[in-house]
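Trainee: This is the structure I have questions about; it appears just below.
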Number of protein chains: 8
Amino acid sequence: MDRLTLDALLDAVAAGQVTPIEAAERLEHLPFADLAYARVDTHRLLRTGLPEVVYAPGKTLQQIRGIAGTLLASPGGPLLITRAGRDVFETVRPLAPEAMYSELGRTIVLRAEVGAPLGSVGVVTAGTSDLPVAEEAAVTLEAASAKVERIADVGVAGLHRLLAVSDRIRAHDALIVVAGMEGALPSLVGGMVACPVIAVPTSVGYGSSFGGLAALLAMLNSCAPGVAVVNIDNGFGAAALAMRMLRARAPG
Amino acid sequence: MDRLTLDALLDAVAAGQVTPIEAAERLEHLPFADLAYARVDTHRLLRTGLPEVVYAPGKTLQQIRGIAGTLLASPGGPLLITRAGRDVFETVRPLAPEAMYSELGRTIVLRAEVGAPLGSVGVVTAGTSDLPVAEEAAVTLEAASAKVERIADVGVAGLHRLLAVSDRIRAHDALIVVAGMEGALPSLVGGMVACPVIAVPTSVGYGSSFGGLAALLAMLNSCAPGVAVVNIDNGFGAAALAMRMLRARAPG
Amino acid sequence: MDRLTLDALLDAVAAGQVTPIEAAERLEHLPFADLAYARVDTHRLLRTGLPEVVYAPGKTLQQIRGIAGTLLASPGGPLLITRAGRDVFETVRPLAPEAMYSELGRTIVLRAEVGAPLGSVGVVTAGTSDLPVAEEAAVTLEAASAKVERIADVGVAGLHRLLAVSDRIRAHDALIVVAGMEGALPSLVGGMVACPVIAVPTSVGYGSSFGGLAALLAMLNSCAPGVAVVNIDNGFGAAALAMRMLRARAPG
Amino acid sequence: MDRLTLDALLDAVAAGQVTPIEAAERLEHLPFADLAYARVDTHRLLRTGLPEVVYAPGKTLQQIRGIAGTLLASPGGPLLITRAGRDVFETVRPLAPEAMYSELGRTIVLRAEVGAPLGSVGVVTAGTSDLPVAEEAAVTLEAASAKVERIADVGVAGLHRLLAVSDRIRAHDALIVVAGMEGALPSLVGGMVACPVIAVPTSVGYGSSFGGLAALLAMLNSCAPGVAVVNIDNGFGAAALAMRMLRARAPG
Amino acid sequence: MDRLTLDALLDAVAAGQVTPIEAAERLEHLPFADLAYARVDTHRLLRTGLPEVVYAPGKTLQQIRGIAGTLLASPGGPLLITRAGRDVFETVRPLAPEAMYSELGRTIVLRAEVGAPLGSVGVVTAGTSDLPVAEEAAVTLEAASAKVERIADVGVAGLHRLLAVSDRIRAHDALIVVAGMEGALPSLVGGMVACPVIAVPTSVGYGSSFGGLAALLAMLNSCAPGVAVVNIDNGFGAAALAMRMLRARAPG
Amino acid sequence: MDRLTLDALLDAVAAGQVTPIEAAERLEHLPFADLAYARVDTHRLLRTGLPEVVYAPGKTLQQIRGIAGTLLASPGGPLLITRAGRDVFETVRPLAPEAMYSELGRTIVLRAEVGAPLGSVGVVTAGTSDLPVAEEAAVTLEAASAKVERIADVGVAGLHRLLAVSDRIRAHDALIVVAGMEGALPSLVGGMVACPVIAVPTSVGYGSSFGGLAALLAMLNSCAPGVAVVNIDNGFGAAALAMRMLRARAPG
Amino acid sequence: MDRLTLDALLDAVAAGQVTPIEAAERLEHLPFADLAYARVDTHRLLRTGLPEVVYAPGKTLQQIRGIAGTLLASPGGPLLITRAGRDVFETVRPLAPEAMYSELGRTIVLRAEVGAPLGSVGVVTAGTSDLPVAEEAAVTLEAASAKVERIADVGVAGLHRLLAVSDRIRAHDALIVVAGMEGALPSLVGGMVACPVIAVPTSVGYGSSFGGLAALLAMLNSCAPGVAVVNIDNGFGAAALAMRMLRARAPG
Amino acid sequence: MDRLTLDALLDAVAAGQVTPIEAAERLEHLPFADLAYARVDTHRLLRTGLPEVVYAPGKTLQQIRGIAGTLLASPGGPLLITRAGRDVFETVRPLAPEAMYSELGRTIVLRAEVGAPLGSVGVVTAGTSDLPVAEEAAVTLEAASAKVERIADVGVAGLHRLLAVSDRIRAHDALIVVAGMEGALPSLVGGMVACPVIAVPTSVGYGSSFGGLAALLAMLNSCAPGVAVVNIDNGFGAAALAMRMLRARAPG
């Protein structure tokens, strides 16, 4: 709960402009909308500076439409739906005619941010099969008005491919490095650049990759210090982390 | 390998100032010192902006002294030894009379950075038993001239303790949140602030904590988007990640 | 085996009212019905005060109908079928015209308890995707004449949502807290209330959630003391545990 | 945060008896004491009705004494230190002359509750090696004025031992069932009684017991519905859960 | 390699009745038939006294028919196909008109043993959902002329069901006990009988049963000494183990 | 509970020779002795035909002496203490002057069975490091009057060593095969003999042996049908299983 | 980056034949083709002597065709697509009319090597169900002009089958041994031959095989020294490793 | 069993030079020495071309001396003891005065091979803490007359260190690459060279390295094709694998 808001409210109570009962109610009911099946957090942007997001799996089409509609009804920043099939897109499109769907990233952008770009992020992938996860990150960042450069298929088995793009990799404010299998790429990139490196393990692989566990463990044990790790296949989370960094970097 | 350096070297070759053989040798031999048992990377600061660090376990006292001496011999930034007992400190102290030892964080600062602080980091712990890991992070950051505030024992079972410091938590450029057991604190903090949150799982706990695995998994699955995770008990890594962020934030 | 029944039977033998052979047979054959593929426990309610339940997976429709019919044939308390699809409902509906099916909770109530409510239980979920598991618990409790309040989507990333319902959460005799992903909600609730908290991890999540393992471990390692944990997605088990508590609480 | 307290405070602000600044400070600073290395929660009893506890591992003797002293300084209920060696006992004994140490349970009772017993709890163990964990639970309950009966070594390989105590087992308001190895005892007990059953897996065993994992999984998968599970070797947690149940059961 | 056969062959070589080259070839080519994709072991019965079996998964219908046909072509004992769908049955039925298919056990009996029963085996299941695995064991035993009694649904949550059949359980030469979920039944049975107990964990369960791992670990950690464990869902293996015991028991 | 005993007791009640109250008490109190910390099962031999055993770890010397003394006080069969150091032996030796201690097997034989051997068991090890586990099995069997042959170090990497003893291996009523590392030996032996094969995985190995897990999984997945598996390092359990088989085999 | 190429390029710069800018560009852009979604490594053969391969899963048909077309456009060695369904074959067939598809091995050979065989490899399988993985290896080797002998179904449960082919097994330069379930075959073969043994665990099995983990762990813990292990089901990787060995063996 | 020997023996039998009984005995008793606790394989070198090795852990000093003495008594190739402390060295030194002990590699060379080197192997480590495992490999290879070059501390976080030695890395017949933590180095090296790469994961690391599991999984999932993996910390195994390759490479 925002201290400033709390102070203001208490001032108003002290000034007799707000009754204590009203104050308690306001504290309880303001910053979300109760849809019975969901408590839509309409103040997340204010609090965390992050895009609103609806994670589609496990929700009915009706629930997704209800949550999305509520979020669109109040002004705000970027709004996305992740892990969404085309059926979800068809369901929510009437709510936002300008909505866009990324087939590759399985991500819907219902509302994008308008404004000057805060910074630039390089989204680097080890292999072609990692692209869907990378695209979820890239689409999220673009919806939040970040500048994104996609650098694909520079995995460690052909080192010259990575070295060839080393200048481009060093030109960003933050890097998102997406890799499955042995997940070694973030260690290499982490040793080459000074900016924050966000490592995203993917479930690309088979056998003893155990659904991305091998890549996840490799990234957590990176010998390059200062590598941030997020959940397996979590492109959105990597983008959100990059947004936090860019926001922290911006003046004010 | 730095593109600028490469271009300069190639220019020098083209101008006949450097022979091709010399150029190849320089490329191969310059940026580290070969001690037979270690190849000391004397350019890491240049490349990544991060402190030099010697991870003590598995190395003999003699090897640690050799590596530390080599690093001290060339000018540079902060230099630390982590996971170090007092015997290590006694061994390396003659090399750097101003060296300091943190008993709690088991960390030796052989050389600290001098300069204006780049930003401030809050180091938050869930419980008293998490303090050693937090201290490794705090000592590292301070050696690199960051401003650090320690906020201890605000775990989720007594929520009012966290709410009471919410203003202090929101006053930093980045947060390092250290927690064992169920590892829930980063999720809460992540929902309260806009700055980057670095989650450090600790091995505090027993039974089904499985040496910190429970906290690690919880942090990776955080419902608060944009939480960075590092290895279990990896206070140094969290500090290095925070340094990357502060550096990226600084002008130039 | 009930000591009272045993004493009575031995008295009858001593009194010559029952022959030893009859006594042995009675001991063996009374409290269940043998259907060859199932030994239907017709005395569970008497012994444990819990609803009868048929767990549908791995059983044929024919077996489910046979077991349900046997249980309905003897008087008793509430009778449910869990993890049941609509095909199961169509199969058993002829046996109990007043049967009800919860699509969301995939639970069939074949017979509900009639009587005064023994107490009230709050069923709290962290996210919308956790609702099916919560509904299995709620339907079970309602069939056993408990009062249930559903409180949805108060996960820890938006703490104000939880604080806003703190009064409602404190108004119950027991709480069932359902959460996937990092499973942090029971720790918070456990620190806010005095009544028993039953934590249900769900398989909601992906990647390193490992089918609910992350949430399960988090709940087992809760720093809030006195949190009860049940199996992943086990809404029925949580309800049964709450029933035991309410029964123990009731006079007599 | 207590709604009643919040309302009262807001009323006082509205009445001009408390200034807004004072109110905000009171909200932040009251319910704990900040010792730098710990934020001692002095209101836990009020909020959760549970004993105060200091978990000793990972804390220095000095920290333990500091925390214990702070808790003893304000009036309150039972106060314990768990997983404590005799050195811890020697350290804190000067603070509370009447302190008692259970060698078997490795538990220190610094302050016990005075008052009428709220109910009775049976603490049942599968084997002799499970006794230390059971004792941690029993000592905790007794310190909180619950009545405890210890029933030892009734594991499932000699079923008659369990049947012989079936009456005693059924005579309690709640049961704590402690078992290592295959962890089957709670399933049996759960099928015999109506009261809540709290299952505590222990690390007793070897090889594929994997430090108590086998028993933990068995208990989570119990076919007896309504069995509560806590962490491996967590005797204190089981006692705290039983306390919640007994308190909920008490009138008012 | 059979010592008797070896001696006989060497005698024949010494006697000049067999040339060394022929002997070497005979040693290499006799006891199996090479189908290119399979080396059909036609002497397993002789060596191990066990039924021939074809494990269907991962083999094409053509391969299964080829292997089955080869085995049927040479005289021998019982011959089965396990984990077989109805399509497999349709494929092999022309080879053996008297073949039988157990839908429940997904097992085909291509050839059954004729002869006096060697002994009797009780096949006990904890729940109705465990029946398919039990049936695989029962059908295998019956094909090998063992006497089988099926005792279903005597899981530990209703102990009286097990006690009621304790006489029947004690009447066999060996017991196969099949259980999923917490897998406790073999421990109980092992404490009640003197004959060998073969425990078969099943994948019945969900969540933290982890595909039968919970039951498997429980059985391996049984506090009842002398319980044999086989792989999860391995009804055939349990039957084979029982056959070894019965054969060892038979005179000669 | 023994049906014969039950029938006899009921007959006595019917005949007026025993009062019902006495009967109930006798049922409850007879077959074990309650030492407060242990309920010593004095009828296990009668029920299961197995040796009495005290598992030493986690018990105090005093508890072990108490349990051993109680068991020695009533007539019975073989009595052992497993996983016992020399201190345990010194503690219990006064109770049984003829007690013997196997240093290698860490097993104490307090009382051995006198009588004709029931059969013979081969105890086969893959490597020299597996000998302690094998010795626990061998000592147990010998205490129960079985004939034992030890066959050491015939692991699969030197196949000729196994083939050289194939006759000796085939000469037993049952085989116990002890192996660590990849645990392959039971599969080979299982394909060579007709008698029951009991596989004991050991914790011999390092790295990805994970304390014997590799050998355990290998044995559970043996392609030789009918291999019984017991817990890692469980020599006693293997011996108990062999005893069950030998007893079942004996006439009467 | 090839030292020879580097030296030549630097010489050319020194000689004024290449400008520094051209040199830098050549270093960056030569050895791969950038397709946006893939950076096709056209020099892998030169660098590692291994076949080019496209791993199909996770790539669209369009991407596969694009990558394959690019590789075919430059001269080179063998080119394969693995884990490919017939739809992939239909997609790429127009690019290379002589392409061949192995249904069993799910492998497409787009271009095969022409030349004298470098050596011979035995591909040995434990069971019929392991054949698809073995075929992936065999097809890869044949495309690279190695001589391959397939030896199927010589698993350890029928040892004579393996002994019968011992001569054939010893006749190769390297062996690939493919096994699921307990994965024991490589240990046996490793003890019989002097040439390198490459062990391939397969996911053949069920229950506690855990998708090939049991076989993988067994192979890593092989008591036969010098056994190479690759990922579960990784037939291609085994073939690539064999190729490295054959190449190293060839003169020059 | 060697086919040539078998043929020769059979010829001798046919010729009447050896009786059948003698032949059978010779087959059984020749190629090892039975020490009761060990069956010393005196023909391993002949069969597999590998050094003899005694793995010390779990063996008594007496057993180690016995085995070593037996192996020294018959002529042969190199003989080593691995994982050996200085006490083992003191015990066996009298047997072989020229024995050498590597403190770093914890390896004893009892007998070294004399002869021309068969080839050269590069032993590459990622970090200084990996040196002990690398040394076990290097000492083994040198004892078998291979040429070894040690290349230390070229881990991926400072890529220029690896590139600087790329020529040296490419100059060997085989490479052993030793790495802990994220285990990425073998993937990089595998993409740079044509010779076989043997990856050795080490237990260097902490937290989620899980004793080397992270590095092991990374190496198994290497995107560089044709990387051989051995057990965690298994330096000897890597050397044995390299020996197999060098032997296969040598003419004859």
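How things are named: the first chain in the structure tokens is A, the next is B, and so on; residues count from 1 in each chain; ligands count from 1 in the order shown.
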Only residues of chain A matter here; which ones have an atom within 6 Å of chain C, counting only C-alpha atoms? Give them as a list of chain:residue names.
Mentor: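 Going by the stated atoms only, the list reads A:Glu28, A:Tyr37, A:Ala38, A:Arg39, A:Gly58, A:Lys59, A:Ile232.
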Trainee: For region 171-187 of chain A, please output as a tab-separated table (two decimals) with N, CA, C and O atoms, in the first residue's frame all residues within 6 Å (counting only C-alpha atoms; exclusion window: fewer than 5 positions along the same chain).
Mentor:
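What ended up in out.tsv:
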chain	number	residue	atom	x	y	z
A	120	SER	N	17.06	0.16	-24.84
A	120	SER	CA	17.02	-0.90	-25.83
A	120	SER	C	17.48	-2.22	-25.20
A	120	SER	O	18.34	-2.24	-24.31
A	121	VAL	N	16.87	-3.30	-25.66
A	121	VAL	CA	17.15	-4.63	-25.13
A	121	VAL	C	17.48	-5.56	-26.28
A	121	VAL	O	16.76	-5.61	-27.27
A	122	GLY	N	18.57	-6.30	-26.15
A	122	GLY	CA	18.89	-7.33	-27.12
A	122	GLY	C	18.30	-8.66	-26.68
A	122	GLY	O	18.50	-9.07	-25.54
A	123	VAL	N	17.55	-9.32	-27.57
A	123	VAL	CA	16.98	-10.62	-27.25
A	123	VAL	C	17.72	-11.66	-28.09
A	123	VAL	O	17.53	-11.75	-29.30
A	124	VAL	N	18.56	-12.42	-27.43
A	124	VAL	CA	19.50	-13.32	-28.09
A	124	VAL	C	19.05	-14.77	-27.88
A	124	VAL	O	18.71	-15.14	-26.77
A	125	THR	N	19.05	-15.58	-28.94
A	125	THR	CA	18.69	-16.99	-28.77
A	125	THR	C	19.83	-17.90	-29.21
A	125	THR	O	20.56	-17.60	-30.14
A	126	ALA	N	19.93	-19.04	-28.52
A	126	ALA	CA	20.96	-20.02	-28.86
A	126	ALA	C	20.60	-20.79	-30.11
A	126	ALA	O	21.46	-21.12	-30.91
A	195	CYS	N	26.54	-4.96	-19.23
A	195	CYS	CA	25.14	-4.69	-18.87
A	195	CYS	C	24.51	-5.92	-18.24
A	195	CYS	O	25.06	-7.01	-18.28
A	196	PRO	N	23.34	-5.77	-17.60
A	196	PRO	CA	22.68	-6.93	-16.99
A	196	PRO	C	22.27	-7.96	-18.03
A	196	PRO	O	21.81	-7.61	-19.11
A	197	VAL	N	22.48	-9.24	-17.69
A	197	VAL	CA	22.13	-10.36	-18.56
A	197	VAL	C	21.03	-11.17	-17.89
A	197	VAL	O	21.19	-11.63	-16.76
A	198	ILE	N	19.92	-11.31	-18.59
A	198	ILE	CA	18.79	-12.08	-18.07
A	198	ILE	C	18.74	-13.40	-18.82
A	198	ILE	O	18.53	-13.42	-20.03
A	199	ALA	N	18.93	-14.50	-18.11
A	199	ALA	CA	18.99	-15.82	-18.73
A	199	ALA	C	17.63	-16.50	-18.66
A	199	ALA	O	17.05	-16.61	-17.60
A	200	VAL	N	17.15	-16.98	-19.81
A	200	VAL	CA	15.88	-17.70	-19.87
A	200	VAL	C	16.13	-19.13	-20.34
A	200	VAL	O	16.39	-19.35	-21.52
A	201	PRO	N	16.05	-20.11	-19.45
A	201	PRO	CA	16.16	-21.50	-19.91
A	201	PRO	C	14.90	-21.89	-20.67
A	201	PRO	O	13.80	-21.43	-20.33
A	202	THR	N	15.05	-22.71	-21.70
A	202	THR	CA	13.86	-23.19	-22.41
A	202	THR	C	13.76	-24.71	-22.30
A	202	THR	O	14.73	-25.39	-21.97
A	203	SER	N	12.59	-25.20	-22.60
A	203	SER	CA	12.36	-26.65	-22.54
A	203	SER	C	12.78	-27.34	-23.82
A	203	SER	O	12.45	-28.50	-24.04
A	204	VAL	N	13.54	-26.63	-24.68
A	204	VAL	CA	14.04	-27.24	-25.92
A	204	VAL	C	15.08	-28.30	-25.55
A	204	VAL	O	16.02	-28.01	-24.81
A	205	GLY	N	14.92	-29.48	-26.07
A	205	GLY	CA	15.82	-30.58	-25.76
A	205	GLY	C	15.02	-31.85	-25.55
A	205	GLY	O	13.81	-31.89	-25.82
A	215	ALA	N	19.13	-26.85	-18.58
A	215	ALA	CA	19.48	-25.47	-18.90
A	215	ALA	C	19.30	-24.57	-17.68
A	215	ALA	O	20.12	-23.69	-17.41
A	218	ALA	N	22.22	-25.07	-15.28
A	218	ALA	CA	23.44	-24.49	-15.85
A	218	ALA	C	23.44	-22.98	-15.63
A	218	ALA	O	24.45	-22.40	-15.22
A	222	SER	N	26.08	-20.43	-13.36
A	222	SER	CA	26.96	-19.73	-14.29
A	222	SER	C	28.21	-19.22	-13.59
A	222	SER	O	28.16	-18.63	-12.52
A	224	ALA	N	29.96	-16.93	-14.86
A	224	ALA	CA	30.00	-15.49	-15.12
A	224	ALA	C	29.14	-14.82	-14.06
A	224	ALA	O	27.95	-15.08	-13.98
H	157	ALA	N	33.75	-17.91	-18.76
H	157	ALA	CA	33.45	-16.52	-18.40
H	157	ALA	C	34.51	-15.56	-18.91
H	157	ALA	O	34.28	-14.36	-18.94
H	184	ALA	N	29.94	-25.77	-19.06
H	184	ALA	CA	29.76	-25.37	-20.46
H	184	ALA	C	30.98	-25.59	-21.34
H	184	ALA	O	30.86	-25.63	-22.57
H	218	ALA	N	24.36	-30.60	-18.16
H	218	ALA	CA	24.77	-29.70	-19.24
H	218	ALA	C	25.59	-30.46	-20.28
H	218	ALA	O	25.37	-30.32	-21.49
H	221	ASN	N	23.60	-32.71	-22.50
H	221	ASN	CA	22.74	-31.98	-23.42
H	221	ASN	C	23.54	-31.05	-24.33
H	221	ASN	O	22.96	-30.14	-24.92
H	222	SER	N	24.82	-31.28	-24.46
H	222	SER	CA	25.67	-30.41	-25.25
H	222	SER	C	25.14	-30.26	-26.68
H	222	SER	O	24.80	-31.24	-27.34
Trainee: Where in region 7-248 of chain C does DSSP assign helix (DSSP H, G or I), given as an mmCIF file with C-alpha atoms, in the first residue's frame?
Mentor:
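Printed below is states00.cif as written:
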data_model
loop_
_atom_site.group_PDB
_atom_site.id
_atom_site.type_symbol
_atom_site.label_atom_id
_atom_site.label_comp_id
_atom_site.auth_asym_id
_atom_site.auth_seq_id
_atom_site.Cartn_x
_atom_site.Cartn_y
_atom_site.Cartn_z
ATOM 1 C CA ASP C 7 -17.182 -55.807 23.996
ATOM 2 C CA ALA C 8 -20.854 -56.221 23.131
ATOM 3 C CA LEU C 9 -20.139 -59.116 20.847
ATOM 4 C CA LEU C 10 -17.956 -60.841 23.454
ATOM 5 C CA ASP C 11 -20.711 -60.328 26.040
ATOM 6 C CA ALA C 12 -23.153 -61.970 23.701
ATOM 7 C CA VAL C 13 -20.820 -64.905 23.205
ATOM 8 C CA ALA C 14 -20.357 -65.236 26.946
ATOM 9 C CA PRO C 20 -18.118 -68.374 18.701
ATOM 10 C CA ILE C 21 -18.250 -69.250 15.029
ATOM 11 C CA GLU C 22 -20.951 -66.709 14.379
ATOM 12 C CA ALA C 23 -18.955 -64.130 16.279
ATOM 13 C CA ALA C 24 -15.865 -64.698 14.170
ATOM 14 C CA GLU C 25 -17.875 -64.502 10.991
ATOM 15 C CA ARG C 26 -19.629 -61.361 12.067
ATOM 16 C CA LEU C 27 -16.324 -59.752 12.853
ATOM 17 C CA GLU C 28 -15.147 -60.559 9.407
ATOM 18 C CA HIS C 29 -18.125 -59.849 7.208
ATOM 19 C CA ARG C 44 -16.469 -45.094 7.264
ATOM 20 C CA LEU C 45 -18.793 -42.303 8.368
ATOM 21 C CA LEU C 46 -19.296 -44.012 11.718
ATOM 22 C CA ARG C 47 -15.597 -44.456 12.213
ATOM 23 C CA THR C 48 -14.185 -41.228 10.878
ATOM 24 C CA LEU C 61 -18.078 -46.607 -15.406
ATOM 25 C CA GLN C 62 -19.564 -49.940 -14.427
ATOM 26 C CA GLN C 63 -17.396 -50.192 -11.314
ATOM 27 C CA ILE C 64 -18.238 -46.631 -10.279
ATOM 28 C CA ARG C 65 -21.953 -47.304 -10.658
ATOM 29 C CA GLY C 66 -21.649 -50.521 -8.661
ATOM 30 C CA ILE C 67 -19.800 -48.888 -5.797
ATOM 31 C CA ALA C 68 -22.070 -45.853 -5.733
ATOM 32 C CA GLY C 69 -25.197 -48.034 -5.793
ATOM 33 C CA THR C 70 -23.957 -50.090 -2.865
ATOM 34 C CA LEU C 71 -23.195 -47.015 -0.800
ATOM 35 C CA LEU C 72 -26.576 -45.455 -1.606
ATOM 36 C CA ALA C 73 -28.340 -48.656 -0.596
ATOM 37 C CA ARG C 86 -19.788 -35.643 -17.322
ATOM 38 C CA ASP C 87 -19.916 -39.256 -18.561
ATOM 39 C CA VAL C 88 -19.614 -40.441 -14.989
ATOM 40 C CA PHE C 89 -22.423 -38.116 -13.975
ATOM 41 C CA GLU C 90 -24.689 -39.494 -16.728
ATOM 42 C CA THR C 91 -23.904 -43.010 -15.521
ATOM 43 C CA VAL C 92 -24.766 -42.482 -11.863
ATOM 44 C CA ARG C 93 -27.591 -39.971 -12.168
ATOM 45 C CA PRO C 94 -30.275 -42.687 -12.463
ATOM 46 C CA LEU C 95 -29.206 -43.962 -9.035
ATOM 47 C CA THR C 128 -8.214 -17.742 -11.019
ATOM 48 C CA SER C 129 -6.577 -20.900 -12.374
ATOM 49 C CA ASP C 130 -6.693 -22.449 -8.882
ATOM 50 C CA LEU C 131 -10.509 -22.341 -8.820
ATOM 51 C CA PRO C 132 -11.200 -25.962 -9.914
ATOM 52 C CA VAL C 133 -9.271 -27.375 -6.961
ATOM 53 C CA ALA C 134 -10.921 -24.923 -4.593
ATOM 54 C CA GLU C 135 -14.321 -25.857 -5.947
ATOM 55 C CA GLU C 136 -13.710 -29.578 -5.236
ATOM 56 C CA ALA C 137 -13.121 -28.580 -1.619
ATOM 57 C CA ALA C 138 -16.085 -26.214 -1.432
ATOM 58 C CA VAL C 139 -18.565 -28.655 -2.960
ATOM 59 C CA THR C 140 -17.403 -31.390 -0.581
ATOM 60 C CA LEU C 141 -17.817 -29.153 2.453
ATOM 61 C CA GLU C 142 -21.257 -27.970 1.370
ATOM 62 C CA ALA C 143 -22.383 -31.568 0.840
ATOM 63 C CA VAL C 156 0.697 -12.293 -2.935
ATOM 64 C CA ALA C 157 1.811 -10.198 -5.914
ATOM 65 C CA GLY C 158 -0.964 -7.696 -5.117
ATOM 66 C CA LEU C 159 -0.913 -7.684 -1.364
ATOM 67 C CA HIS C 160 -3.680 -5.105 -0.986
ATOM 68 C CA ARG C 161 -6.149 -7.650 -2.380
ATOM 69 C CA LEU C 162 -5.408 -9.932 0.545
ATOM 70 C CA LEU C 163 -5.413 -7.147 3.129
ATOM 71 C CA ALA C 164 -8.773 -5.974 1.832
ATOM 72 C CA SER C 166 -8.472 -9.795 6.030
ATOM 73 C CA ASP C 167 -11.638 -9.395 8.088
ATOM 74 C CA ARG C 168 -13.506 -11.954 6.017
ATOM 75 C CA ILE C 169 -10.563 -14.342 6.309
ATOM 76 C CA LEU C 185 -0.264 -17.523 0.173
ATOM 77 C CA PRO C 186 -0.670 -20.016 3.093
ATOM 78 C CA SER C 187 2.412 -18.560 4.802
ATOM 79 C CA LEU C 188 0.876 -15.111 4.739
ATOM 80 C CA VAL C 189 -2.549 -16.230 5.815
ATOM 81 C CA GLY C 190 -0.976 -18.410 8.515
ATOM 82 C CA GLY C 191 0.646 -15.315 9.984
ATOM 83 C CA MET C 192 -2.645 -13.383 10.006
ATOM 84 C CA GLY C 207 8.595 -25.107 -16.140
ATOM 85 C CA SER C 208 10.212 -25.395 -12.742
ATOM 86 C CA SER C 209 6.844 -25.642 -10.996
ATOM 87 C CA PHE C 210 7.267 -29.348 -11.876
ATOM 88 C CA GLY C 211 3.561 -30.117 -11.668
ATOM 89 C CA GLY C 212 3.009 -28.428 -8.326
ATOM 90 C CA LEU C 213 6.204 -29.548 -6.603
ATOM 91 C CA ALA C 214 7.391 -25.955 -6.126
ATOM 92 C CA ALA C 215 4.176 -24.974 -4.345
ATOM 93 C CA LEU C 216 4.149 -28.179 -2.295
ATOM 94 C CA LEU C 217 7.693 -27.660 -1.015
ATOM 95 C CA ALA C 218 7.013 -24.013 -0.233
ATOM 96 C CA MET C 219 3.989 -24.931 1.868
ATOM 97 C CA LEU C 220 5.843 -27.672 3.737
ATOM 98 C CA GLY C 235 -9.302 -30.302 -2.785
ATOM 99 C CA PHE C 236 -11.281 -33.215 -1.372
ATOM 100 C CA GLY C 237 -8.574 -34.065 1.147
ATOM 101 C CA ALA C 238 -8.478 -30.491 2.374
ATOM 102 C CA ALA C 239 -12.234 -30.526 2.853
ATOM 103 C CA ALA C 240 -12.054 -33.840 4.724
ATOM 104 C CA LEU C 241 -9.409 -32.395 7.039
ATOM 105 C CA ALA C 242 -11.576 -29.333 7.670
ATOM 106 C CA MET C 243 -14.517 -31.650 8.441
ATOM 107 C CA ARG C 244 -12.433 -33.495 11.043
ATOM 108 C CA MET C 245 -11.658 -30.161 12.671
ATOM 109 C CA LEU C 246 -15.249 -28.940 12.649
ATOM 110 C CA ARG C 247 -16.504 -32.249 14.062
ATOM 111 C CA ALA C 248 -13.855 -32.167 16.787
#
